[in-house]
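Novice: I have a structure here, written as structure tokens, and I will follow up with some questions on it.
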Amino acid sequence: MLTLEWESEGLQTVGIVVIIFASLKLLHLLGLIDFSEDSVEDEMEMATVRHRPEALELLEAQSKFTKKELQILYRGFKNECPSGIVDEETFKEIYSQFFPQGDSTTYAHFLFNAFDTDHNGSVSFEDFIMGLSILLRGTVQEKLNWAFNLYDINKDGYITKEEMLDIMKAIYDMMGKCTYPVLKEDAPRQHVETFFQKMDKNKDGVVTIDEFIESCQKVSNDKCETFSYSYQLAKWP
Amino acid sequence: MAAGVAAWLPFARAAAIGWMPVANCPMPLAPTDKNKRQDELIILNVSGRRFQTWRTTLERYPDTLLGSTEKEFFFNEDSKEYFFDRDPEVFRCILNFYRTGKLHYPRYECISAYDEELAFYGILPEIIGDCCYEEYKDRKRENAERLMDDSDSENKQEGSMPSLSLRETMWRAFENPHTSTLALVFYYVTGFFIAVSVITNVVETVPCGTVPGNKELPCGERYAVAFFCLDTACVMIFTVEYLLRLFAAPSRYRFMRSVMSIIDVVAIMPYYIGLVMTNNEDVSGAFVTLRVFRVFRIFKFSRHSQGLRILGYTLKSCASELGFLLFSLTMAIIIFATVMFYAEKGSSASKFTSIPASFWYTIVTMTTLGYGDMVPKTIAGKIFGSICSLSGVLVIALPVPVIVSNFSRIYHQNQRADKRRAQKKARLARIRVAKTGNSSAYLHSKRNGLLNEALDLTGSTDDEQHISKSTSLIESQHHHLLHCLEKTTNHEFIDEQLFEQNCMDSSMQNYPSTRSPSLSSHQGVTTSCCSRRNKKTTHLPNSNVPATRLRSMQELSTIHIQCSEQPSLTTSRSSLNMKSDDVLRPNCKTSHLTTAIISIPTPPALTPEGESRPSPGSPHHSTNISTTTSNVVKVSAL
């Protein structure tokens, strides 16, 4: 009697265990459950994006560089990024090598967005050359335009105080900790206050491109050596 | 069309003469060769080794670097050749690809170097020929696993992380208990409760003592309340842990699908189901069965034990071998069971009542267990029984070495990973030293620059050129970049010791201070520099003082302190202004300096981009100069 009871219970147990395992297997087959930890295979199947730039002649026509300069620039670019495009992580790494003391990732992020004109998450050689062409060979107007674009984080045509504060904090982050005099927490904010007041002529809380260009040019007229700096860089073979 | 076949095309076209006599319609016109250009030899100079090939060979694959116009970027006008500053050994394989159409992977080559070269020349690795593809894929997988281990341990070892959200810190604490003491405590507490739960399950069934009535009760029924309380406590801990993990998981969906979470759920569900269905006689059998699943709690230990995880991973990776083992065993069992059944059918009172009943005998015999509860009596039965046991040994012994070798490979991989993690600390320390070397080079050159100025003031000019030449052009340009950043933010870079010293000095100078505004600014300085690590927000006490005045006053007061200790730094403040002009002047003097910016590849090639950044900072640049000049005047007045 007892054995019968236990036998039936045992069979029940076996039955339920088998059912549960079968259902788990079914769910696994359906893909709802994952029995593997992060598989390495997924990362490998990701196709590497490759990009080839426009022809040399085309780039020469579009930018203000000579063929030889383009060649030299491309060699350096390709050496660092063989796939032909720079993604944000690589860009941040490259940029951080110049500022070992501080944290340049935030500023590199803003710079990257300024170079990536079509906002596809990667900077190709053409974007790179266009940016450099403006920065090194462009007119003062174009350069200030580019600078405005850099400061305008959400690209809506206005620089708000918060955007300028973000940029300022990013710049101060690059200084790092060991500075003289010691960096205070609100140094960026004070810096922004000073400059925002000067730039925002009509006190509407935002700086438009005209206000920006006007205030920068007014300042630059007094200190023309600041623009001669970029003029020096532009003197290439 | 493959490369070699193209050479036979003229022959095939000439042999088409044979169709002319029986052709129905007139033949179409032959295509004229529009490109009358003679096929020319291209010279490819790869790091000094010259390769030559026909232009058409390279143009076979127009979507690669060599086959497209991209190679014009590397054309050297003077020597009329294409120069690539890359590895000539790997280039051999790549050029062979153009010639033969098959890309081979040399075994002695490092997989990541090879991948880099392929990426450079724009060739997809999938084109690698069948002869070398397996090797390539295997090595790539090994490398990727190793890199994943490295990056995982890197992430775990990063000292000061940026402030993470609560969720992220919790997840990190769960995944790696060594990150904080709280995580460690949690780890040990859950481990303890898993052990308690498992032991409870086991002890529950042990008969302990007799109750008057001559029935031996298992402990579970004797101390039902105590066991129930223990079970409740364990399940509550497990539930809380599961909910916390669910909350902290970066991707809840993925977490819910993972094995560990399923084990967690299976471990705690029986309790809740038991709570719901209380004392219903019909389903009590199923309820008893559900208790079986409580034993799954022991699998929760795999989070705590590396060895268990390795074992699980091994079994998973040997899934095919295990499947083969199971399949062949099943086949053998069925065959032998059938044979034994029919062999023993004749004998009376034989235990082999049916084929399924013989399964038990076959399994026990093949695994060489031999319980002896079912024994063949006929001669035929005994013969087949012995064949069964011999073959059992063979069938089981075959897949085992494969599983063992898999386990050994994974185990050694883990050991290597642990060793690398241990060595990583030394490696990171060396990298950190190199990094501080970089930044100290800048400060060193600044001091050299001051030396220049000092010498300038005293009138000896020949030493100046000597010292300035010791730094390479790239270094001086990099230093100029850092200098521009200093000018933008109106702060200087100093090295660690000086910084610590400043901190201590300014905290000491708190007491004997004459001016009250400076006292508040000192306090501001102290709190900011010493609490910077904790990133507390400090607010200046005298915030009504206009920003620039406060800053200049603060600078003055800190300069005043510095005056007493290090006279060299005061000269630095005054001479920095002059130094900036000095740096600008060499840029105009010689034009060859500016060309060197671009002739060197890798990061310095990007310096034009970095150096041009100060142009948006130029409006700040100019006004900062004005404030510093005003400060400098005050210093000298002191």
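In the structure tokens, chains take letters A, B, ... by order of appearance, with residues numbered from 1 within each chain and ligands from 1 in the order shown.
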Select from range 124-196 of chain A everything DSSP, run on the backbone, classes as helix (DSSP H, G or I), then give the selection as a ChimeraX atom specification.
Specialist: /A:125-137,140-151,161-175,187-196
Novice: Write the residues of the selection above to a file with N, CA and C atoms, as a compact mmCIF listing (two decimals), in the first residue's frame.
Specialist:
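After the write, result_18.txt holds the following:
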```txt
# COMPACT_ATOMS: atom_id res chain seq x y z
N PHE A 125 37.17 61.15 -43.38
CA PHE A 125 38.26 62.02 -43.77
C PHE A 125 37.73 63.32 -44.37
N GLU A 126 36.63 63.24 -45.11
CA GLU A 126 36.09 64.46 -45.71
C GLU A 126 35.66 65.45 -44.62
N ASP A 127 34.95 64.95 -43.59
CA ASP A 127 34.53 65.85 -42.51
C ASP A 127 35.75 66.50 -41.88
N PHE A 128 36.77 65.65 -41.66
CA PHE A 128 37.99 66.12 -41.03
C PHE A 128 38.62 67.25 -41.87
N ILE A 129 38.70 67.02 -43.17
CA ILE A 129 39.33 68.00 -44.03
C ILE A 129 38.51 69.28 -44.10
N MET A 130 37.18 69.13 -44.17
CA MET A 130 36.34 70.33 -44.23
C MET A 130 36.55 71.17 -42.98
N GLY A 131 36.56 70.50 -41.82
CA GLY A 131 36.75 71.23 -40.59
C GLY A 131 38.08 71.94 -40.55
N LEU A 132 39.14 71.19 -40.92
CA LEU A 132 40.47 71.78 -40.89
C LEU A 132 40.59 72.92 -41.88
N SER A 133 39.94 72.76 -43.03
CA SER A 133 40.02 73.80 -44.06
C SER A 133 39.47 75.11 -43.53
N ILE A 134 38.34 74.99 -42.81
CA ILE A 134 37.77 76.22 -42.24
C ILE A 134 38.69 76.78 -41.17
N LEU A 135 39.20 75.88 -40.33
CA LEU A 135 39.96 76.37 -39.17
C LEU A 135 41.28 76.98 -39.56
N LEU A 136 41.91 76.40 -40.57
CA LEU A 136 43.25 76.88 -40.89
C LEU A 136 43.27 77.86 -42.04
N ARG A 137 42.36 77.67 -42.99
CA ARG A 137 42.45 78.51 -44.19
C ARG A 137 41.21 79.37 -44.39
N VAL A 140 37.94 84.93 -41.26
CA VAL A 140 37.63 85.12 -39.84
C VAL A 140 36.17 84.80 -39.58
N GLN A 141 35.33 85.20 -40.52
CA GLN A 141 33.90 84.93 -40.37
C GLN A 141 33.64 83.43 -40.27
N GLU A 142 34.30 82.67 -41.17
CA GLU A 142 34.07 81.22 -41.17
C GLU A 142 34.56 80.60 -39.88
N LYS A 143 35.71 81.09 -39.41
CA LYS A 143 36.26 80.50 -38.18
C LYS A 143 35.34 80.76 -37.01
N LEU A 144 34.83 82.00 -36.94
CA LEU A 144 33.94 82.31 -35.83
C LEU A 144 32.65 81.51 -35.95
N ASN A 145 32.23 81.31 -37.18
CA ASN A 145 31.06 80.46 -37.42
C ASN A 145 31.28 79.07 -36.85
N TRP A 146 32.46 78.54 -37.12
CA TRP A 146 32.79 77.19 -36.63
C TRP A 146 32.82 77.18 -35.11
N ALA A 147 33.40 78.24 -34.54
CA ALA A 147 33.47 78.30 -33.08
C ALA A 147 32.07 78.38 -32.49
N PHE A 148 31.21 79.16 -33.14
CA PHE A 148 29.82 79.24 -32.67
C PHE A 148 29.17 77.87 -32.73
N ASN A 149 29.44 77.14 -33.79
CA ASN A 149 28.88 75.81 -33.94
C ASN A 149 29.36 74.89 -32.83
N LEU A 150 30.61 75.09 -32.44
CA LEU A 150 31.15 74.26 -31.36
C LEU A 150 30.44 74.56 -30.05
N TYR A 151 30.21 75.83 -29.80
CA TYR A 151 29.61 76.20 -28.53
C TYR A 151 28.13 75.85 -28.49
N LYS A 161 23.26 80.00 -21.65
CA LYS A 161 24.28 80.05 -20.61
C LYS A 161 24.68 78.64 -20.20
N GLU A 162 23.70 77.72 -20.20
CA GLU A 162 24.02 76.35 -19.80
C GLU A 162 24.99 75.71 -20.76
N GLU A 163 24.79 75.97 -22.07
CA GLU A 163 25.69 75.38 -23.06
C GLU A 163 27.11 75.92 -22.85
N MET A 164 27.19 77.24 -22.64
CA MET A 164 28.52 77.80 -22.45
C MET A 164 29.13 77.25 -21.16
N LEU A 165 28.27 77.06 -20.16
CA LEU A 165 28.80 76.51 -18.92
C LEU A 165 29.32 75.10 -19.12
N ASP A 166 28.60 74.30 -19.93
CA ASP A 166 29.08 72.94 -20.20
C ASP A 166 30.45 72.96 -20.86
N ILE A 167 30.57 73.83 -21.87
CA ILE A 167 31.86 73.90 -22.57
C ILE A 167 32.96 74.35 -21.60
N MET A 168 32.61 75.34 -20.78
CA MET A 168 33.63 75.86 -19.86
C MET A 168 34.06 74.78 -18.89
N LYS A 169 33.08 74.03 -18.38
CA LYS A 169 33.44 72.95 -17.45
C LYS A 169 34.32 71.94 -18.13
N ALA A 170 34.01 71.64 -19.40
CA ALA A 170 34.82 70.67 -20.13
C ALA A 170 36.25 71.18 -20.28
N ILE A 171 36.39 72.49 -20.55
CA ILE A 171 37.74 73.04 -20.69
C ILE A 171 38.47 72.98 -19.36
N TYR A 172 37.76 73.31 -18.29
CA TYR A 172 38.42 73.28 -16.98
C TYR A 172 38.73 71.85 -16.56
N ASP A 173 37.92 70.90 -17.00
CA ASP A 173 38.24 69.50 -16.69
C ASP A 173 39.57 69.10 -17.26
N MET A 174 39.92 69.69 -18.41
CA MET A 174 41.18 69.30 -19.03
C MET A 174 42.38 69.76 -18.21
N MET A 175 42.16 70.76 -17.35
CA MET A 175 43.29 71.22 -16.56
C MET A 175 43.67 70.19 -15.52
N ALA A 187 34.81 78.06 -10.59
CA ALA A 187 35.61 78.86 -11.52
C ALA A 187 34.99 78.89 -12.92
N PRO A 188 34.52 77.72 -13.44
CA PRO A 188 33.88 77.80 -14.77
C PRO A 188 32.68 78.75 -14.76
N ARG A 189 31.87 78.66 -13.71
CA ARG A 189 30.66 79.48 -13.69
C ARG A 189 31.00 80.96 -13.71
N GLN A 190 32.02 81.32 -12.92
CA GLN A 190 32.40 82.74 -12.89
C GLN A 190 32.91 83.18 -14.25
N HIS A 191 33.69 82.30 -14.84
CA HIS A 191 34.24 82.58 -16.17
C HIS A 191 33.11 82.84 -17.15
N VAL A 192 32.07 81.96 -17.09
CA VAL A 192 30.95 82.09 -18.02
C VAL A 192 30.20 83.38 -17.77
N GLU A 193 29.98 83.71 -16.48
CA GLU A 193 29.26 84.93 -16.16
C GLU A 193 29.90 86.12 -16.86
N THR A 194 31.23 86.22 -16.70
CA THR A 194 31.92 87.35 -17.26
C THR A 194 31.68 87.46 -18.76
N PHE A 195 31.89 86.32 -19.45
CA PHE A 195 31.84 86.41 -20.90
C PHE A 195 30.43 86.47 -21.43
N PHE A 196 29.50 85.82 -20.75
CA PHE A 196 28.13 85.83 -21.26
C PHE A 196 27.56 87.24 -21.22
```
Novice: Can you pull out the residues contacting Glu134 in chain B? Cut-off 12 Å, using only C-alpha atoms, and skip same-chain residues under 6 positions away; I want them as an MDAnalysis selection string.
Specialist: chainID B and resid 104:105 107 125:126 128 140:141
Novice: Between CA of Ser317 in chain B and CA of Met256 in chain B, what distance in Å does the model show, to one decimal?
Specialist: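 We find that CA of Ser317 in chain B and CA of Met256 in chain B lie 22.2 Å from each other.
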Novice: Which one of A:Asp200, A:Glu93, A:Glu88, A:Glu185 sits closest to chain B if you count only C-alpha atoms?
Specialist: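 Of all the options, A:Glu185 lies closest to chain B.
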Novice: Please indicate the distance in Å from CA of Tyr61 in chain B to CA of Cys93 in chain B, rounded to one decimal place.
Specialist: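 According to the coordinates, CA of Tyr61 in chain B and CA of Cys93 in chain B are separated by 15.0 Å.
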Novice: Assign secondary structure with DSSP using the backbone only, and return the residues of range 92-173 of chain A in strand (DSSP E) as a list in words.
Specialist: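 Answer for range 92-173 of chain A restricted to strand (DSSP E) is Ser122, Val123, Ser124, Ile159 and Thr160 of chain A.
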Novice: Export, as a PDB file, in the first residue's frame, the selected residues with all heavy atoms.
Specialist:
```
ATOM      1  N   SER A 122      30.214  59.336 -36.755  1.00  0.00           N
ATOM      2  CA  SER A 122      31.605  59.063 -37.117  1.00  0.00           C
ATOM      3  C   SER A 122      32.115  60.201 -37.977  1.00  0.00           C
ATOM      4  O   SER A 122      31.360  60.839 -38.711  1.00  0.00           O
ATOM      5  CB  SER A 122      31.712  57.749 -37.871  1.00  0.00           C
ATOM      6  OG  SER A 122      30.904  57.798 -39.025  1.00  0.00           O
ATOM      7  N   VAL A 123      33.412  60.436 -37.856  1.00  0.00           N
ATOM      8  CA  VAL A 123      34.047  61.497 -38.626  1.00  0.00           C
ATOM      9  C   VAL A 123      34.852  60.845 -39.730  1.00  0.00           C
ATOM     10  O   VAL A 123      35.792  60.097 -39.465  1.00  0.00           O
ATOM     11  CB  VAL A 123      34.964  62.337 -37.710  1.00  0.00           C
ATOM     12  CG1 VAL A 123      35.840  63.243 -38.531  1.00  0.00           C
ATOM     13  CG2 VAL A 123      34.147  63.139 -36.745  1.00  0.00           C
ATOM     14  N   SER A 124      34.467  61.125 -40.952  1.00  0.00           N
ATOM     15  CA  SER A 124      35.246  60.583 -42.075  1.00  0.00           C
ATOM     16  C   SER A 124      36.334  61.565 -42.430  1.00  0.00           C
ATOM     17  O   SER A 124      36.400  62.674 -41.899  1.00  0.00           O
ATOM     18  CB  SER A 124      34.334  60.353 -43.275  1.00  0.00           C
ATOM     19  OG  SER A 124      33.860  61.607 -43.725  1.00  0.00           O
ATOM     20  N   ILE A 159      23.285  80.138 -28.335  1.00  0.00           N
ATOM     21  CA  ILE A 159      24.113  79.633 -27.244  1.00  0.00           C
ATOM     22  C   ILE A 159      23.461  80.084 -25.947  1.00  0.00           C
ATOM     23  O   ILE A 159      23.340  81.289 -25.700  1.00  0.00           O
ATOM     24  CB  ILE A 159      25.537  80.197 -27.301  1.00  0.00           C
ATOM     25  CG1 ILE A 159      26.199  79.818 -28.613  1.00  0.00           C
ATOM     26  CG2 ILE A 159      26.364  79.644 -26.161  1.00  0.00           C
ATOM     27  CD1 ILE A 159      27.610  80.343 -28.712  1.00  0.00           C
ATOM     28  N   THR A 160      23.014  79.147 -25.144  1.00  0.00           N
ATOM     29  CA  THR A 160      22.473  79.513 -23.843  1.00  0.00           C
ATOM     30  C   THR A 160      23.593  79.475 -22.818  1.00  0.00           C
ATOM     31  O   THR A 160      24.692  78.984 -23.086  1.00  0.00           O
ATOM     32  CB  THR A 160      21.378  78.531 -23.413  1.00  0.00           C
ATOM     33  OG1 THR A 160      21.995  77.249 -23.264  1.00  0.00           O
ATOM     34  CG2 THR A 160      20.281  78.454 -24.441  1.00  0.00           C
TER      35      THR A 160
END
```
Novice: Considering only C-alpha atoms, return as a PyMOL selection string whatever protein or nucleic-acid residues lie within 10 Å of Tyr442 in chain B, sequence-local ones (same chain, fewer than 5 positions apart) excluded.
Specialist: chain B and resi 436-437+447-448+475-476+478-480+482-483+493-495
Novice: Let me see the file: selected residues, N, CA, C and O atoms, as a CSV table (one decimal), in the first residue's frame.
Specialist:
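The resulting file, part.csv, is reproduced below:
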```
chain,number,residue,atom,x,y,z
B,436,THR,N,52.8,60.5,-16.2
B,436,THR,CA,53.3,61.7,-15.4
B,436,THR,C,54.6,62.2,-16.0
B,436,THR,O,54.9,63.4,-15.9
B,437,GLY,N,55.4,61.3,-16.6
B,437,GLY,CA,56.6,61.7,-17.3
B,437,GLY,C,56.2,62.8,-18.3
B,437,GLY,O,56.9,63.8,-18.5
B,447,ARG,N,60.2,75.4,-16.8
B,447,ARG,CA,61.2,75.9,-15.9
B,447,ARG,C,62.5,76.2,-16.8
B,447,ARG,O,63.1,77.2,-16.5
B,448,ASN,N,62.7,75.4,-17.8
B,448,ASN,CA,63.8,75.7,-18.7
B,448,ASN,C,63.5,77.1,-19.4
B,448,ASN,O,64.4,77.9,-19.6
B,475,GLU,N,57.4,68.3,-29.2
B,475,GLU,CA,57.3,68.6,-27.8
B,475,GLU,C,57.0,70.1,-27.6
B,475,GLU,O,56.1,70.4,-26.8
B,476,SER,N,57.7,70.9,-28.3
B,476,SER,CA,57.5,72.4,-28.1
B,476,SER,C,56.1,72.7,-28.6
B,476,SER,O,55.4,73.6,-27.9
B,478,HIS,N,53.5,70.8,-28.5
B,478,HIS,CA,52.6,70.2,-27.5
B,478,HIS,C,52.6,71.1,-26.3
B,478,HIS,O,51.5,71.4,-25.7
B,479,HIS,N,53.8,71.6,-25.9
B,479,HIS,CA,53.8,72.5,-24.7
B,479,HIS,C,53.1,73.8,-25.0
B,479,HIS,O,52.5,74.4,-24.1
B,480,HIS,N,53.2,74.2,-26.3
B,480,HIS,CA,52.5,75.5,-26.6
B,480,HIS,C,51.0,75.3,-26.5
B,480,HIS,O,50.3,76.1,-26.0
B,482,LEU,N,49.5,73.2,-24.4
B,482,LEU,CA,49.1,73.2,-23.0
B,482,LEU,C,49.1,74.6,-22.4
B,482,LEU,O,48.3,75.0,-21.6
B,483,HIS,N,50.1,75.4,-23.0
B,483,HIS,CA,50.2,76.7,-22.5
B,483,HIS,C,49.0,77.6,-22.9
B,483,HIS,O,48.5,78.4,-22.1
B,493,PHE,N,49.5,74.7,-14.8
B,493,PHE,CA,49.8,73.4,-14.4
B,493,PHE,C,50.9,73.3,-13.4
B,493,PHE,O,51.9,74.0,-13.7
B,494,ILE,N,50.8,72.6,-12.4
B,494,ILE,CA,51.9,72.3,-11.5
B,494,ILE,C,52.0,70.8,-11.2
B,494,ILE,O,51.0,70.1,-11.4
B,495,ASP,N,53.1,70.3,-10.7
B,495,ASP,CA,53.1,68.9,-10.4
B,495,ASP,C,52.6,68.6,-9.0
B,495,ASP,O,52.3,69.5,-8.3
```
Novice: Give me, as JSON, numbers by chain, all polymer residues having an atom no more than 10 Å from Arg52 in chain A, counting only C-alpha atoms and skipping those fewer than 5 positions away in the same chain.
Specialist: {"A": [83, 84, 85, 124, 125, 126], "B": [63, 64, 65, 68, 69, 70, 122]}
Novice: Would you please work out which residue, of A:Gln217, A:Thr117, A:Gln197, A:Thr106, is nearest to chain B when using only C-alpha atoms?
Specialist: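 Among A:Gln217, A:Thr117, A:Gln197, A:Thr106, it is A:Gln217 that comes nearest to chain B.
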Novice: Just to confirm, what's the straight-line distance from CA of Val46 in chain B to CA of Asp115 in chain B in Å (one decimal)?
Specialist: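 These two atoms are separated by 17.5 Å.
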Novice: With distances taken over only C-alpha atoms, which residue among B:Met260, B:Val189, B:Val292, B:Val90 lies nearest Arg49 in chain B?
Specialist: B:Val90
Novice: For each of B:Val259, B:Val203, B:Leu124, B:Ala113, take the minimum atom-to-atom distance to Tyr223 in chain B, counting only C-alpha atoms, then give the residue where this is smallest.
Specialist: B:Val203
Novice: Looking at only C-alpha atoms, which of B:Cys131, B:Val225, B:Ile298, B:Ala119 is the one that sits closest to chain A?
Specialist: B:Ala119
Novice: Residues at most 10 Å from range 344-355 of chain B, counting only C-alpha atoms, excluding those fewer than 6 positions away in the same chain, as a list in words?
Specialist: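 Listed by chain and then number, they are Ile334, Ile335, Phe336, Ala337, Thr338, Tyr361, Asp373, Met374, Val375, Pro376, Lys377, Thr378, Ile379, Ala380, Gly381 and Lys382 of chain B.
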Novice: Please produce an output containing all heavy atoms for each residue in the selection, written as a CSV table (one decimal), in the first residue's frame.
Specialist:
```csv
chain,number,residue,atom,x,y,z
B,334,ILE,N,19.5,0.3,-26.2
B,334,ILE,CA,18.3,-0.3,-26.8
B,334,ILE,C,18.7,-1.6,-27.5
B,334,ILE,O,18.0,-2.6,-27.3
B,334,ILE,CB,17.7,0.7,-27.8
B,334,ILE,CG1,17.1,1.9,-27.1
B,334,ILE,CG2,16.6,0.0,-28.6
B,334,ILE,CD1,16.5,2.9,-28.0
B,335,ILE,N,19.8,-1.6,-28.2
B,335,ILE,CA,20.2,-2.8,-28.8
B,335,ILE,C,20.4,-3.9,-27.8
B,335,ILE,O,19.9,-5.0,-28.0
B,335,ILE,CB,21.5,-2.6,-29.6
B,335,ILE,CG1,21.3,-1.6,-30.8
B,335,ILE,CG2,22.1,-3.9,-30.1
B,335,ILE,CD1,22.5,-1.3,-31.5
B,336,PHE,N,21.2,-3.7,-26.8
B,336,PHE,CA,21.5,-4.7,-25.9
B,336,PHE,C,20.3,-5.1,-25.0
B,336,PHE,O,20.2,-6.3,-24.7
B,336,PHE,CB,22.7,-4.3,-25.0
B,336,PHE,CG,24.0,-4.5,-25.6
B,336,PHE,CD1,24.7,-3.4,-26.1
B,336,PHE,CD2,24.5,-5.7,-25.8
B,336,PHE,CE1,26.0,-3.6,-26.7
B,336,PHE,CE2,25.7,-5.9,-26.4
B,336,PHE,CZ,26.5,-4.8,-26.9
B,337,ALA,N,19.5,-4.2,-24.7
B,337,ALA,CA,18.3,-4.6,-24.0
B,337,ALA,C,17.4,-5.5,-24.7
B,337,ALA,O,16.9,-6.5,-24.2
B,337,ALA,CB,17.5,-3.3,-23.6
B,338,THR,N,17.2,-5.2,-26.0
B,338,THR,CA,16.4,-6.1,-26.9
B,338,THR,C,17.1,-7.5,-26.9
B,338,THR,O,16.4,-8.5,-26.7
B,338,THR,CB,16.4,-5.5,-28.3
B,338,THR,OG1,16.1,-4.2,-28.2
B,338,THR,CG2,15.3,-6.2,-29.1
B,361,TYR,N,19.1,-3.2,-16.6
B,361,TYR,CA,20.2,-4.1,-16.6
B,361,TYR,C,21.3,-3.6,-17.5
B,361,TYR,O,22.5,-3.6,-17.2
B,361,TYR,CB,19.8,-5.5,-17.0
B,361,TYR,CG,21.0,-6.4,-17.3
B,361,TYR,CD1,21.7,-7.0,-16.2
B,361,TYR,CD2,21.4,-6.7,-18.6
B,361,TYR,CE1,22.9,-7.7,-16.5
B,361,TYR,CE2,22.5,-7.4,-18.8
B,361,TYR,CZ,23.2,-8.0,-17.8
B,361,TYR,OH,24.4,-8.7,-18.0
B,373,ASP,N,21.1,-7.0,-9.2
B,373,ASP,CA,19.7,-7.3,-8.9
B,373,ASP,C,19.0,-8.0,-10.1
B,373,ASP,O,18.0,-8.7,-10.0
B,373,ASP,CB,18.9,-6.1,-8.6
B,373,ASP,CG,19.1,-5.0,-9.6
B,373,ASP,OD1,19.9,-5.1,-10.5
B,373,ASP,OD2,18.4,-4.0,-9.6
B,374,MET,N,19.6,-7.8,-11.3
B,374,MET,CA,19.1,-8.5,-12.5
B,374,MET,C,20.3,-9.3,-13.1
B,374,MET,O,21.3,-8.6,-13.4
B,374,MET,CB,18.5,-7.6,-13.5
B,374,MET,CG,17.1,-7.1,-13.2
B,374,MET,SD,16.7,-5.7,-14.2
B,374,MET,CE,16.0,-6.5,-15.6
B,375,VAL,N,20.3,-10.6,-13.2
B,375,VAL,CA,21.4,-11.4,-13.6
B,375,VAL,C,20.9,-12.3,-14.7
B,375,VAL,O,19.9,-13.0,-14.5
B,375,VAL,CB,22.0,-12.2,-12.5
B,375,VAL,CG1,23.2,-13.0,-13.0
B,375,VAL,CG2,22.5,-11.2,-11.4
B,376,PRO,N,21.6,-12.4,-15.8
B,376,PRO,CA,21.2,-13.4,-16.9
B,376,PRO,C,21.5,-14.8,-16.4
B,376,PRO,O,22.5,-15.1,-15.8
B,376,PRO,CB,22.1,-13.0,-18.1
B,376,PRO,CG,23.2,-12.3,-17.5
B,376,PRO,CD,22.8,-11.6,-16.3
B,377,LYS,N,20.6,-15.8,-16.8
B,377,LYS,CA,20.8,-17.1,-16.3
B,377,LYS,C,21.2,-18.0,-17.5
B,377,LYS,O,21.9,-19.0,-17.3
B,377,LYS,CB,19.6,-17.6,-15.6
B,377,LYS,CG,19.3,-16.9,-14.3
B,377,LYS,CD,18.4,-17.7,-13.4
B,377,LYS,CE,18.3,-17.2,-12.0
B,377,LYS,NZ,18.1,-15.7,-11.9
B,378,THR,N,20.7,-17.7,-18.7
B,378,THR,CA,21.0,-18.6,-19.8
B,378,THR,C,22.4,-18.3,-20.3
B,378,THR,O,23.0,-17.2,-20.0
B,378,THR,CB,20.0,-18.4,-21.0
B,378,THR,OG1,20.1,-17.0,-21.4
B,378,THR,CG2,18.6,-18.6,-20.5
B,379,ILE,N,22.9,-19.3,-21.0
B,379,ILE,CA,24.3,-19.1,-21.5
B,379,ILE,C,24.3,-18.0,-22.5
B,379,ILE,O,25.2,-17.1,-22.5
B,379,ILE,CB,24.8,-20.4,-22.2
B,379,ILE,CG1,24.7,-21.5,-21.2
B,379,ILE,CG2,26.1,-20.2,-22.8
B,379,ILE,CD1,25.8,-22.5,-21.2
B,380,ALA,N,23.3,-17.9,-23.4
B,380,ALA,CA,23.3,-16.9,-24.4
B,380,ALA,C,23.3,-15.5,-23.7
B,380,ALA,O,23.9,-14.6,-24.1
B,380,ALA,CB,22.1,-17.0,-25.4
B,381,GLY,N,22.4,-15.5,-22.7
B,381,GLY,CA,22.3,-14.2,-22.0
B,381,GLY,C,23.6,-13.8,-21.4
B,381,GLY,O,24.0,-12.6,-21.4
B,382,LYS,N,24.4,-14.8,-20.8
B,382,LYS,CA,25.7,-14.4,-20.2
B,382,LYS,C,26.7,-13.9,-21.2
B,382,LYS,O,27.4,-13.0,-21.0
B,382,LYS,CB,26.2,-15.6,-19.5
B,382,LYS,CG,25.5,-15.9,-18.2
B,382,LYS,CD,26.2,-17.0,-17.3
B,382,LYS,CE,25.3,-17.2,-16.1
B,382,LYS,NZ,25.5,-18.5,-15.5
```
Novice: Have a look at B:Cys219, B:Ile474, B:Val235, B:Ala16 and name the one nearest to chain A; count only C-alpha atoms.
Specialist: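 Closest residue, counting only C-alpha atoms: B:Ile474.
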